[in-house]
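Heads up: the structure comes next, in structure tokens.
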Amino acid sequence: MKGSDYAEIPAALRERIQDDPWVRTLGIRYLDLRRGYCRVSLTLQPHMVNFQGYPHGGVIFSLADVAFGAACNSHGEPAVALSVTISYLATVGPDATLVAEGRATKQGRRAGFYDVTVTTEEGTHVAAVHCVAHR
């Protein structure tokens with residue numbers, strides 16, 4: 001499904017989700033936020049690289065976690081992560097712009113299952129993330 005296939009969420013909920021100090025600190029931008037879906041981007045900065053000159057895995061994880069957190073909380077009920085597993089697939093340059101797209105694959109009464117992909121703007125797959133949320 002495309003992002004536009006997901007239902008809109010109330011403006012107050014959108015504002016609450018997007019008002020996140022960690023998101024502001026990293027410079028993450030919300031591109032789309034709907035029920036069970038979130039797309040965010042981050043242009044890497046020089047302080048976000050590791051000693052090898054590549055983006056730090058923690059920065060990539062944080063971007064994916066923001067997409068997951070927004071997608072699983074977009075249903076209007078508080079949700080928290082139970083499990084997040086990330087596979088790093090490719091290295092990218094220190095000045096790349098990364099895009100994370102989180103999608104609900106199944107949302108039950110208490111548990112929700114989400115997949116997040118992290119790519120470059122050009123489409124290089126950087127990470128695959130599988131997440132389980134509890135509410």
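Ligands are numbered from 1 in the order shown, residues from 1 within each chain, and chains are lettered A, B, ... in the order they appear in the structure tokens.
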
Would you list, as a PyMOL selection string, the residues of segment 36-123 of chain A that end up in strand (DSSP E or B) under DSSP run on this structure's backbone?
chain A and resi 37-43+49+55+80-88+97-107+111-120

Please report, as number ranges by chain, each residue of segment 16-99 of chain A to which DSSP assigns helix (DSSP H, G or I) when run on this structure's backbone.
A: 16-18, 21-26, 46-48, 57-73

Counting only C-alpha atoms, what is within 10 Å of Glu122 of chain A, bar same-chain residues fewer than 5 positions away, as a ChimeraX atom specification?
/A:96-99

Expected file: the selected residues, all heavy atoms, as a PDB file, in the first residue's frame:
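Written file, out_34.pdb:
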ATOM      1  N   ALA A  96      24.346  11.993   3.187  1.00  0.00           N
ATOM      2  CA  ALA A  96      23.133  11.463   2.544  1.00  0.00           C
ATOM      3  C   ALA A  96      21.882  11.939   3.273  1.00  0.00           C
ATOM      4  O   ALA A  96      21.916  12.305   4.444  1.00  0.00           O
ATOM      5  CB  ALA A  96      23.171   9.938   2.535  1.00  0.00           C
ATOM      6  N   THR A  97      20.774  11.928   2.551  1.00  0.00           N
ATOM      7  CA  THR A  97      19.464  12.123   3.165  1.00  0.00           C
ATOM      8  C   THR A  97      18.792  10.759   3.216  1.00  0.00           C
ATOM      9  O   THR A  97      18.672  10.083   2.199  1.00  0.00           O
ATOM     10  CB  THR A  97      18.602  13.125   2.380  1.00  0.00           C
ATOM     11  OG1 THR A  97      19.248  14.399   2.425  1.00  0.00           O
ATOM     12  CG2 THR A  97      17.204  13.243   2.974  1.00  0.00           C
ATOM     13  N   LEU A  98      18.388  10.363   4.426  1.00  0.00           N
ATOM     14  CA  LEU A  98      17.747   9.071   4.633  1.00  0.00           C
ATOM     15  C   LEU A  98      16.251   9.257   4.802  1.00  0.00           C
ATOM     16  O   LEU A  98      15.797  10.250   5.365  1.00  0.00           O
ATOM     17  CB  LEU A  98      18.321   8.390   5.873  1.00  0.00           C
ATOM     18  CG  LEU A  98      19.818   8.135   5.865  1.00  0.00           C
ATOM     19  CD1 LEU A  98      20.251   7.500   7.182  1.00  0.00           C
ATOM     20  CD2 LEU A  98      20.211   7.251   4.693  1.00  0.00           C
ATOM     21  N   VAL A  99      15.492   8.272   4.332  1.00  0.00           N
ATOM     22  CA  VAL A  99      14.040   8.281   4.452  1.00  0.00           C
ATOM     23  C   VAL A  99      13.626   6.971   5.123  1.00  0.00           C
ATOM     24  O   VAL A  99      14.027   5.899   4.683  1.00  0.00           O
ATOM     25  CB  VAL A  99      13.357   8.407   3.075  1.00  0.00           C
ATOM     26  CG1 VAL A  99      11.840   8.338   3.210  1.00  0.00           C
ATOM     27  CG2 VAL A  99      13.789   9.694   2.379  1.00  0.00           C
TER      28      VAL A  99
END

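Residues surrounding Thr119 of chain A within 12 Å are Arg39, Val40, Ser41, Leu42, Thr43, Ile60, Leu63, Ala64, Tyr88, Leu89, Ala90, Thr91, Val92, Ala96, Thr97, Leu98, Val99, Ala100, Glu101, Gly102, His125, Val126, Ala127, Ala128 and Val129 of chain A [only C-alpha atoms; sequence separation below 6 positions excluded].
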
Could you please determine the separation between atom CA of Arg109 of chain A and atom CA of Phe68 of chain A in Å, to one decimal place?
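Atom-to-atom, atom CA of Arg109 of chain A and atom CA of Phe68 of chain A are spaced 17.4 Å apart.
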
For a quick check of understanding, using only C-alpha atoms, which of A:Ser74, A:Thr85, A:Gln18, A:Asn50 has the smallest distance to Ala104 of chain A?
A:Ser74

Leaving out Pro10 of chain A and any residue of its chain fewer than 2 positions from it, which residues lie within 12 Å of it when counting only C-alpha atoms, given as a list in words?
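Listing them by chain and then by number gives Ala7, Glu8, Ala12, Leu13, Arg14, Glu15, Arg16, Ile17, Leu33, Arg34, Arg35, Ser74, His75 and Gly76 of chain A.
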
Computed gap from atom CA of Ala11 of chain A to atom CA of Lys106 of chain A is 23.7 Å

Atom-to-atom span, atom CA of Ala79 of chain A and atom CA of Ile28 of chain A, Å:
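The value is 20.6 Å.
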